[in-house]
$ cat work_8.pdb   # PDB, C-alpha atoms
ATOM      1  CA  MET W   1     170.641 124.063-192.417
ATOM      2  CA  GLU W   2     171.881 121.054-190.447
ATOM      3  CA  LYS W   3     171.241 122.791-187.106
ATOM      4  CA  THR W   4     167.687 123.632-188.143
ATOM      5  CA  LEU W   5     167.071 120.063-189.249
ATOM      6  CA  LYS W   6     168.332 118.765-185.914
ATOM      7  CA  ASN W   7     165.955 121.065-184.030
ATOM      8  CA  ILE W   8     162.976 119.985-186.133
ATOM      9  CA  ASP W   9     163.873 116.319-185.714
ATOM     10  CA  ALA W  10     164.172 116.768-181.962
ATOM     11  CA  TRP W  11     160.639 118.159-181.812
ATOM     12  CA  LEU W  12     159.168 115.555-184.171
ATOM     13  CA  LYS W  13     160.819 112.607-182.474
ATOM     14  CA  ILE W  14     158.913 113.032-179.199
ATOM     15  CA  PRO W  15     155.335 113.031-180.586
ATOM     16  CA  ALA W  16     156.286 110.286-183.038
ATOM     17  CA  VAL W  17     157.545 107.965-180.302
ATOM     18  CA  VAL W  18     154.635 108.804-177.972
ATOM     19  CA  THR W  19     151.926 108.238-180.595
ATOM     20  CA  GLY W  20     153.677 105.047-181.681
ATOM     21  CA  ILE W  21     153.714 103.614-178.162
ATOM     22  CA  LEU W  22     150.076 104.631-177.662
ATOM     23  CA  SER W  23     149.185 102.935-180.959
ATOM     24  CA  ILE W  24     150.764  99.681-179.817
ATOM     25  CA  GLY W  25     148.786  99.883-176.584
ATOM     26  CA  PHE W  26     145.537 100.533-178.437
ATOM     27  CA  PHE W  27     146.085  97.586-180.785
ATOM     28  CA  VAL W  28     146.830  95.217-177.913
ATOM     29  CA  PHE W  29     143.635  96.508-176.313
ATOM     30  CA  ASP W  30     141.798  95.851-179.598
ATOM     31  CA  LEU W  31     143.001  92.259-179.653
ATOM     32  CA  ILE W  32     141.748  91.688-176.122
ATOM     33  CA  ILE W  33     138.278  93.162-176.620
ATOM     34  CA  LEU W  34     137.772  91.624-180.064
ATOM     35  CA  LEU W  35     138.671  88.185-178.759
ATOM     36  CA  GLN W  36     135.933  88.729-176.179
ATOM     37  CA  LEU W  37     133.401  90.015-178.706
ATOM     38  CA  GLN W  38     133.981  87.454-181.452
ATOM     39  CA  PRO W  39     132.158  84.535-179.747
ATOM     40  CA  LYS W  40     129.154  86.772-179.057
ATOM     41  CA  MET W  41     128.968  88.074-182.612
ATOM     42  CA  VAL W  42     129.571  84.711-184.252
ATOM     43  CA  HIS W  43     126.710  83.218-182.223
ATOM     44  CA  PHE W  44     124.596  86.365-182.726
ATOM     45  CA  ASP W  45     124.293  87.083-179.013
ATOM     46  CA  SER W  46     123.158  90.529-177.919
ATOM     47  CA  LEU W  47     125.865  93.121-177.349
ATOM     48  CA  SER W  48     125.738  95.410-174.339
ATOM     49  CA  GLU W  49     126.333  99.155-174.281
ATOM     50  CA  ARG W  50     129.718  98.443-172.750
ATOM     51  CA  ASP W  51     130.622  96.277-175.748
ATOM     52  CA  PHE W  52     129.776  99.086-178.160
ATOM     53  CA  GLN W  53     131.783 101.561-176.080
ATOM     54  CA  LEU W  54     134.806  99.275-176.173
ATOM     55  CA  VAL W  55     134.573  99.081-179.961
ATOM     56  CA  ASN W  56     134.391 102.877-180.124
ATOM     57  CA  TYR W  57     137.714 103.055-178.298
ATOM     58  CA  SER W  58     139.238 101.311-181.310
ATOM     59  CA  GLY W  59     138.343 104.382-183.328
ATOM     60  CA  TYR W  60     140.351 106.597-180.996
ATOM     61  CA  GLY W  61     143.279 104.244-181.389
ATOM     62  CA  LEU W  62     143.067 104.464-185.174
ATOM     63  CA  ILE W  63     143.187 108.264-184.989
ATOM     64  CA  VAL W  64     146.358 108.062-182.894
ATOM     65  CA  PHE W  65     147.852 105.507-185.293
ATOM     66  CA  LEU W  66     146.948 107.691-188.272
ATOM     67  CA  LEU W  67     148.777 110.611-186.667
ATOM     68  CA  PHE W  68     151.742 108.334-185.982
ATOM     69  CA  CYS W  69     151.877 107.164-189.613
ATOM     70  CA  LEU W  70     151.664 110.733-190.903
ATOM     71  CA  LEU W  71     154.454 111.854-188.573
ATOM     72  CA  SER W  72     156.565 108.914-189.685
ATOM     73  CA  ILE W  73     155.961 109.584-193.369
ATOM     74  CA  TYR W  74     156.707 113.292-192.945
ATOM     75  CA  ARG W  75     159.940 112.625-191.090
ATOM     76  CA  LEU W  76     161.028 110.070-193.667
ATOM     77  CA  LEU W  77     160.197 112.423-196.523
ATOM     78  CA  ARG W  78     162.417 115.064-194.996
ATOM     79  CA  PHE W  79     165.191 112.538-194.695
ATOM     80  CA  LEU W  80     164.798 111.316-198.254
ATOM     81  CA  LYS W  81     164.690 114.876-199.523
ATOM     82  CA  TYR W  82     168.065 115.809-198.048
ATOM     83  CA  ALA W  83     169.803 112.455-197.595
ATOM     84  CA  GLU W  84     173.207 111.948-199.119
ATOM     85  CA  ARG W  85     172.049 108.480-200.084
ATOM     86  CA  ILE W  86     168.855 106.488-199.689
ATOM     87  CA  THR W  87     169.445 103.452-197.508
ATOM     88  CA  PHE W  88     167.605 100.148-197.489
ATOM     89  CA  LEU W  89     166.531 100.872-193.912
ATOM     90  CA  SER W  90     164.850 104.120-194.924
ATOM     91  CA  ILE W  91     162.994 102.419-197.789
ATOM     92  CA  VAL W  92     161.748  99.651-195.486
ATOM     93  CA  SER W  93     160.632 102.264-192.958
ATOM     94  CA  LEU W  94     158.806 104.286-195.609
ATOM     95  CA  ALA W  95     157.118 101.134-196.915
ATOM     96  CA  ALA W  96     156.075 100.250-193.360
ATOM     97  CA  ALA W  97     154.626 103.720-192.778
ATOM     98  CA  ILE W  98     152.667 103.608-196.042
ATOM     99  CA  ALA W  99     151.469 100.069-195.321
ATOM    100  CA  GLY W 100     150.383 101.151-191.843
ATOM    101  CA  PHE W 101     148.418 104.028-193.345
ATOM    102  CA  LEU W 102     146.642 101.667-195.753
ATOM    103  CA  LEU W 103     145.972  99.085-193.034
ATOM    104  CA  ILE W 104     143.862 101.654-191.199
ATOM    105  CA  PHE W 105     141.300 101.495-193.990
ATOM    106  CA  SER W 106     141.493  97.700-194.047
ATOM    107  CA  PHE W 107     140.756  97.605-190.330
ATOM    108  CA  ILE W 108     137.769  99.934-190.706
ATOM    109  CA  GLY W 109     136.416  98.004-193.679
ATOM    110  CA  LEU W 110     136.698  94.635-191.962
ATOM    111  CA  LEU W 111     135.009  95.882-188.791
ATOM    112  CA  ASP W 112     132.238  97.438-190.852
ATOM    113  CA  ASP W 113     131.670  94.190-192.771
ATOM    114  CA  ILE W 114     131.606  92.182-189.546
ATOM    115  CA  GLY W 115     129.080  94.581-188.039
ATOM    116  CA  ASP W 116     126.810  94.406-191.088
ATOM    117  CA  GLN W 117     126.962  90.615-191.193
ATOM    118  CA  TYR W 118     126.240  90.406-187.468
ATOM    119  CA  GLU W 119     123.112  92.525-187.895
ATOM    120  CA  GLN W 120     121.987  90.383-190.842
ATOM    121  CA  LYS W 121     122.863  87.180-188.952
ATOM    122  CA  LEU W 122     125.331  86.048-191.600
ATOM    123  CA  SER W 123     128.657  84.274-191.240
ATOM    124  CA  GLN W 124     131.635  86.532-190.557
ATOM    125  CA  PRO W 125     134.743  85.216-192.345
ATOM    126  CA  GLU W 126     136.375  88.636-191.986
ATOM    127  CA  TRP W 127     137.467  87.664-188.479
ATOM    128  CA  ASN W 128     140.161  85.545-190.135
ATOM    129  CA  TRP W 129     141.550  88.695-191.771
ATOM    130  CA  LEU W 130     141.020  91.137-188.920
ATOM    131  CA  TYR W 131     143.505  89.613-186.496
ATOM    132  CA  PRO W 132     146.388  89.448-189.015
ATOM    133  CA  VAL W 133     145.712  93.100-189.868
ATOM    134  CA  ILE W 134     145.990  94.070-186.191
ATOM    135  CA  VAL W 135     149.196  92.056-185.809
ATOM    136  CA  LEU W 136     150.642  93.781-188.877
ATOM    137  CA  GLN W 137     149.698  97.169-187.439
ATOM    138  CA  ILE W 138     151.472  96.302-184.198
ATOM    139  CA  ALA W 139     154.535  95.176-186.164
ATOM    140  CA  VAL W 140     154.547  98.421-188.162
ATOM    141  CA  ALA W 141     154.213 100.503-185.004
ATOM    142  CA  VAL W 142     157.007  98.615-183.214
ATOM    143  CA  TRP W 143     159.331  98.930-186.213
ATOM    144  CA  LEU W 144     158.729 102.641-186.678
ATOM    145  CA  VAL W 145     158.968 103.416-182.960
ATOM    146  CA  CYS W 146     162.365 101.710-182.911
ATOM    147  CA  MET W 147     163.432 103.680-185.967
ATOM    148  CA  HIS W 148     162.307 106.955-184.420
ATOM    149  CA  TYR W 149     163.920 106.153-181.089
ATOM    150  CA  LEU W 150     167.205 105.260-182.772
ATOM    151  CA  ASP W 151     166.814 108.349-184.989
ATOM    152  CA  MET W 152     167.437 106.293-188.162
ATOM    153  CA  ASN W 153     170.656 108.295-188.559
ATOM    154  CA  LEU W 154     168.487 110.919-190.231
ATOM    155  CA  VAL W 155     170.459 114.019-189.396
ATOM    156  CA  ARG W 156     173.888 112.446-189.641
ATOM    157  CA  GLN W 157     173.234 111.548-193.259
ATOM    158  CA  GLU W 158     171.978 115.012-194.220
ATOM    159  CA  LYS W 159     175.260 116.352-195.544
ATOM    160  CA  GLN W 160     174.223 117.674-198.918
ATOM    161  CA  ILE W 161     171.079 118.129-200.924
ATOM    162  CA  THR W 162     170.561 115.517-203.608
ATOM    163  CA  LEU W 163     166.937 116.495-203.958
ATOM    164  CA  ASP W 164     166.150 115.665-207.568
ATOM    165  CA  GLY W 165     167.427 112.106-207.687
ATOM    166  CA  ASN W 166     166.032 111.259-204.269
ATOM    167  CA  ILE W 167     162.515 112.406-205.035
ATOM    168  CA  PHE W 168     162.628 110.647-208.397
ATOM    169  CA  LEU W 169     163.462 107.427-206.561
ATOM    170  CA  LEU W 170     160.860 108.132-203.895
ATOM    171  CA  VAL W 171     158.070 108.467-206.458
ATOM    172  CA  HIS W 172     158.924 105.140-208.054
ATOM    173  CA  TYR W 173     159.458 103.263-204.793
ATOM    174  CA  THR W 174     156.000 104.398-203.720
ATOM    175  CA  GLY W 175     154.535 103.585-207.126
ATOM    176  CA  SER W 176     156.013 100.091-207.006
ATOM    177  CA  LEU W 177     154.579  99.426-203.554
ATOM    178  CA  CYS W 178     151.117 100.860-204.234
ATOM    179  CA  GLY W 179     150.950  99.205-207.643
ATOM    180  CA  PHE W 180     151.964  95.804-206.316
ATOM    181  CA  LEU W 181     149.463  95.972-203.451
ATOM    182  CA  GLY W 182     146.756  96.994-205.896
ATOM    183  CA  VAL W 183     147.453  94.127-208.295
ATOM    184  CA  VAL W 184     147.532  91.555-205.484
ATOM    185  CA  PHE W 185     144.302  92.867-203.997
ATOM    186  CA  LEU W 186     142.477  92.928-207.330
ATOM    187  CA  LEU W 187     143.559  89.415-208.265
ATOM    188  CA  THR W 188     141.731  88.169-205.183
ATOM    189  CA  GLY W 189     138.569  89.305-206.952
ATOM    190  CA  PHE W 190     138.752  86.233-209.171
ATOM    191  CA  ARG W 191     138.899  84.040-206.063
ATOM    192  CA  PHE W 192     136.035  85.799-204.257
ATOM    193  CA  ALA W 193     133.972  86.856-207.254
ATOM    194  CA  SER W 194     130.605  86.306-205.586
ATOM    195  CA  ALA W 195     131.433  88.743-202.773
ATOM    196  CA  TRP W 196     133.064  91.370-204.989
ATOM    197  CA  ASN W 197     131.434  94.790-204.950
ATOM    198  CA  LEU W 198     131.922  97.297-207.765
ATOM    199  CA  LEU W 199     131.736 100.395-205.576
ATOM    200  CA  ILE W 200     133.753  99.161-202.603
ATOM    201  CA  HIS W 201     136.300  96.745-204.050
ATOM    202  CA  SER W 202     136.768  98.070-207.585
ATOM    203  CA  THR W 203     136.437 101.785-206.860
ATOM    204  CA  ILE W 204     136.949 102.877-203.254
ATOM    205  CA  VAL W 205     139.757 100.470-202.311
ATOM    206  CA  PRO W 206     141.845 101.230-205.445
ATOM    207  CA  ILE W 207     141.457 104.962-204.774
ATOM    208  CA  ILE W 208     142.676 104.452-201.198
ATOM    209  CA  LEU W 209     145.634 102.412-202.442
ATOM    210  CA  LEU W 210     146.566 105.234-204.805
ATOM    211  CA  ILE W 211     146.507 107.941-202.112
ATOM    212  CA  PRO W 212     150.179 107.538-201.041
ATOM    213  CA  TYR W 213     151.348 107.635-204.664
ATOM    214  CA  ILE W 214     149.248 110.701-205.419
ATOM    215  CA  LEU W 215     150.590 112.458-202.315
ATOM    216  CA  ILE W 216     154.178 111.699-203.314
ATOM    217  CA  LEU W 217     153.511 113.010-206.821
ATOM    218  CA  VAL W 218     152.085 116.212-205.346
ATOM    219  CA  TYR W 219     155.137 116.466-203.083
ATOM    220  CA  TRP W 220     157.438 116.060-206.101
ATOM    221  CA  LEU W 221     155.463 118.708-208.016
ATOM    222  CA  ILE W 222     155.677 121.185-205.117
ATOM    223  CA  CYS W 223     159.430 120.639-204.821
ATOM    224  CA  LYS W 224     159.832 121.186-208.554
ATOM    225  CA  LEU W 225     157.793 124.377-208.493
ATOM    226  CA  GLN W 226     159.994 125.689-205.679
ATOM    227  CA  GLU W 227     163.153 125.290-207.747
ATOM    228  CA  LYS W 228     164.472 128.553-209.149
ATOM    229  CA  SER W 229     166.159 127.005-212.181
ATOM    230  CA  ARG W 230     163.595 124.320-212.816
ATOM    231  CA  THR W 231     164.440 121.223-214.829
ATOM    232  CA  TRP W 232     161.655 118.689-214.727
ATOM    233  CA  PHE W 233     163.832 115.715-215.702
ATOM    234  CA  ASP W 234     167.516 115.362-216.409
ATOM    235  CA  GLU W 235     168.757 113.497-219.466
ATOM    236  CA  LYS W 236     169.212 110.198-217.621
ATOM    237  CA  GLN W 237     165.724 110.354-216.130
ATOM    238  CA  LEU W 238     164.182 111.078-219.528
ATOM    239  CA  GLN W 239     165.929 108.044-220.992
ATOM    240  CA  ASP W 240     164.784 105.866-218.101
ATOM    241  CA  ILE W 241     161.204 107.098-218.435
ATOM    242  CA  GLY W 242     161.195 106.396-222.168
ATOM    243  CA  LYS W 243     162.572 102.868-221.831
ATOM    244  CA  SER W 244     160.232 102.122-218.927
ATOM    245  CA  ALA W 245     157.229 103.341-220.908
ATOM    246  CA  ILE W 246     158.060 101.085-223.862
ATOM    247  CA  LEU W 247     158.568  98.013-221.685
ATOM    248  CA  THR W 248     155.397  98.795-219.734
ATOM    249  CA  LEU W 249     153.446  99.008-222.987
ATOM    250  CA  ILE W 250     154.721  95.584-224.065
ATOM    251  CA  ILE W 251     154.051  93.946-220.684
ATOM    252  CA  HIS W 252     150.654  95.605-220.456
ATOM    253  CA  PHE W 253     149.677  94.351-223.912
ATOM    254  CA  LEU W 254     150.727  90.774-223.172
ATOM    255  CA  ILE W 255     149.095  90.513-219.742
ATOM    256  CA  MET W 256     145.828  92.218-220.644
ATOM    257  CA  THR W 257     145.552  90.139-223.806
ATOM    258  CA  GLY W 258     146.144  87.012-221.736
ATOM    259  CA  LEU W 259     143.513  88.144-219.241
ATOM    260  CA  PHE W 260     141.020  88.611-222.064
ATOM    261  CA  ILE W 261     141.750  85.165-223.514
ATOM    262  CA  LEU W 262     141.528  83.412-220.140
ATOM    263  CA  ASN W 263     138.135  84.993-219.489
ATOM    264  CA  TYR W 264     136.861  84.859-223.076
ATOM    265  CA  ASN W 265     133.986  82.530-222.216
ATOM    266  CA  ASN W 266     133.093  84.420-219.049
ATOM    267  CA  LEU W 267     133.433  88.113-219.884
ATOM    268  CA  ALA W 268     130.290  88.830-217.892
ATOM    269  CA  GLY W 269     131.955  87.478-214.752
ATOM    270  CA  ALA W 270     134.427  89.041-212.333
ATOM    271  CA  VAL W 271     136.676  90.340-215.102
ATOM    272  CA  ARG W 272     134.137  93.025-216.015
ATOM    273  CA  LEU W 273     134.572  94.503-212.516
ATOM    274  CA  LEU W 274     138.334  94.124-212.422
ATOM    275  CA  TRP W 275     139.877  94.840-215.811
ATOM    276  CA  LEU W 276     140.203  98.634-215.496
ATOM    277  CA  PRO W 277     141.747  98.800-211.989
ATOM    278  CA  ILE W 278     144.020  95.859-212.852
ATOM    279  CA  ASP W 279     145.087  97.711-215.987
ATOM    280  CA  LEU W 280     145.845 100.847-213.951
ATOM    281  CA  PHE W 281     147.833  99.156-211.183
ATOM    282  CA  LEU W 282     149.664  96.903-213.621
ATOM    283  CA  CYS W 283     150.906  99.927-215.566
ATOM    284  CA  LEU W 284     151.870 101.725-212.359
ATOM    285  CA  THR W 285     153.807  98.727-211.051
ATOM    286  CA  SER W 286     155.627  98.009-214.289
ATOM    287  CA  PHE W 287     156.502 101.635-215.014
ATOM    288  CA  SER W 288     157.785 102.279-211.488
ATOM    289  CA  VAL W 289     159.784  99.054-211.220
ATOM    290  CA  TRP W 290     161.489  99.542-214.582
ATOM    291  CA  ASN W 291     162.382 103.119-213.685
ATOM    292  CA  LEU W 292     163.993 101.897-210.466
ATOM    293  CA  ILE W 293     165.911  99.212-212.330
ATOM    294  CA  PHE W 294     167.254 101.630-214.936
ATOM    295  CA  TYR W 295     167.991 104.325-212.357
ATOM    296  CA  THR W 296     169.983 102.029-210.077
ATOM    297  CA  LYS W 297     172.000 100.711-213.022
ATOM    298  CA  GLY W 298     173.410 104.215-213.422
TER     299      GLY W 298
END

$ encode --input "work_8.pdb" --output "C-alpha cells"
Amino acid sequence: MEKTLKNIDAWLKIPAVVTGILSIGFFVFDLIILLQLQPKMVHFDSLSERDFQLVNYSGYGLIVFLLFCLLSIYRLLRFLKYAERITFLSIVSLAAAIAGFLLIFSFIGLLDDIGDQYEQKLSQPEWNWLYPVIVLQIAVAVWLVCMHYLDMNLVRQEKQITLDGNIFLLVHYTGSLCGFLGVVFLLTGFRFASAWNLLIHSTIVPIILLIPYILILVYWLICKLQEKSRTWFDEKQLQDIGKSAILTLIIHFLIMTGLFILNYNNLAGAVRLLWLPIDLFLCLTSFSVWNLIFYTKG
C-alpha cells in the first residue's frame, strides 16, 4: 500500500507543481494587463482587439489554476483518507485549495460585472475587489506549490488507515469553512442592498459556495459504500451529531428570531432576499463547528 501511494504521489507532484507555477505566472500577467486596462475602462475609452485578446488569456490561466486546485484537493484528500493524524498544516492547505477554487468564480464574476458596467458606461467599484482576489489567488498558489514541493510529509504519515474518523473530520472542516464564507458573504447583502441580485447573489453564489461541501459529502458516501462491514456512524459520532443538532437548533432559533426583529419594519427590504441562504449557511456552520468541538474533545 505505502509503495503504491508513493508512486501515485510521485506522479501527481509533478503536474501539481507545474500547474501551480504556471498559475502564479498567469496571475502576475493578469495584474499587469489589468493595471493597463483599468484607466481605459474607467474613462470609457475604446478597447482594441489586442486588449480583448489579453483578457482572454486570463481565461486560460483560470483553467490552469482550476486544474491546480483540483490536483491539490485530490492529493490532500488522499492524505486525509490514510493519514495517521490530521495536522494543522494539512487543514490549512485544504482550506487554501478550497478557497482558491471558490476565488475562481469570484474572479469571473468581478470581471463580468466590470465588463457590463463598462458597456453601460457606469462606475466600476469592482476594481477595488478584483486586485485583492488576484493577490489571494497568488498567495494560495504559492502556498500550495510550496506544500507540494516539500511533499507535506504526505507519504511518511500514511502508516495506518484511520479512514472513518478522518473523513468525519474532513466533512465538518469543509462545512465550517463553506458555512462561514457563506454567512460572511450574505451579511454583505445588508450593506449593499441596492446592488443585491436574487439570482446571482442569493442563488448562484450560495450554490457555488456549497460545491466543496457537497463534493466532500459525496466522497464520504462513496467511501462508506465501499466498506464491506459498513457502519455509518460510531457511537461517539452519533452522540456528537445529536448534541450538535440540538445546539444548532437553539442558535438558529435565536439568530433568526433576532434577524426578524431587527428587520421587522423593513421585511420588504434586503432580508427577503437573504433569509433563506443565511438560514442554510448558519445551520451548516453551527452544526459543523460543534461537531468539530465535540470530536476533538474525545

$ closest_residue --input "work_8.pdb" --among "W:Ala193, W:Trp143, W:Gly115, W:Gly182" --to "W:Lys40" --atoms "all atoms listed in the file"
W:Gly115

$ closest_residue --input "work_8.pdb" --among "W:Asp240, W:Asp279, W:Glu126, W:Glu235" --to "W:Leu292" --atoms "all atoms listed in the file"
W:Asp240

$ axis_aligned_box --input "work_8.pdb" --around "stretch 42-47 of chain W" --padding-each-side "5 Å" --output "AutoDock Vina command-line options"
--center_x 126.4 --center_y 88.2 --center_z -180.8 --size_x 16.4 --size_y 19.9 --size_z 16.9

$ residues_around --input "work_8.pdb" --residues "stretch 10-26 of chain W" --least-positions-apart "4" --cutoff "6 Å" --atoms "all atoms listed in the file" --output "PyMOL selection string"
chain W and resi 61+65+68+138+141+145

$ closest_residue --input "work_8.pdb" --among "W:Ala270, W:Ile73, W:Ile261, W:Leu34" --to "W:Tyr57" --atoms "all atoms listed in the file"
W:Leu34

$ resolve_selection --input "work_8.pdb" --expression "the PyMOL selection byres ((chain W and resi 212) around 9)" --output "VMD selection string"
chain W and resid 98 101 to 102 174 to 175 178 208 to 211 213 to 217

$ write_last_selection --input "work_8.pdb" --atoms "C-alpha atoms" --output "mmCIF file, in the coordinates of the input"
data_model
loop_
_atom_site.group_PDB
_atom_site.id
_atom_site.type_symbol
_atom_site.label_atom_id
_atom_site.label_comp_id
_atom_site.auth_asym_id
_atom_site.auth_seq_id
_atom_site.Cartn_x
_atom_site.Cartn_y
_atom_site.Cartn_z
ATOM 1 C CA ILE W 98 152.667 103.608 -196.042
ATOM 2 C CA PHE W 101 148.418 104.028 -193.345
ATOM 3 C CA LEU W 102 146.642 101.667 -195.753
ATOM 4 C CA THR W 174 156.000 104.398 -203.720
ATOM 5 C CA GLY W 175 154.535 103.585 -207.126
ATOM 6 C CA CYS W 178 151.117 100.860 -204.234
ATOM 7 C CA ILE W 208 142.676 104.452 -201.198
ATOM 8 C CA LEU W 209 145.634 102.412 -202.442
ATOM 9 C CA LEU W 210 146.566 105.234 -204.805
ATOM 10 C CA ILE W 211 146.507 107.941 -202.112
ATOM 11 C CA TYR W 213 151.348 107.635 -204.664
ATOM 12 C CA ILE W 214 149.248 110.701 -205.419
ATOM 13 C CA LEU W 215 150.590 112.458 -202.315
ATOM 14 C CA ILE W 216 154.178 111.699 -203.314
ATOM 15 C CA LEU W 217 153.511 113.010 -206.821
#

$ atom_distance --input "work_8.pdb" --atom1 "atom CA of W:Cys283" --atom2 "atom CA of W:Phe260"
16.4 Å

$ closest_residue --input "work_8.pdb" --among "W:Ala139, W:Leu170, W:Ile278, W:Leu122" --to "W:Thr188" --atoms "only C-alpha atoms"
W:Ile278

$ resolve_selection --input "work_8.pdb" --expression "the PyMOL selection byres ((chain W and resi 184) around 12)" --output "JSON, numbers by chain"
{"W": [177, 178, 179, 180, 181, 182, 183, 185, 186, 187, 188, 189, 190, 191, 206, 209, 274, 277, 278, 281, 282, 285]}
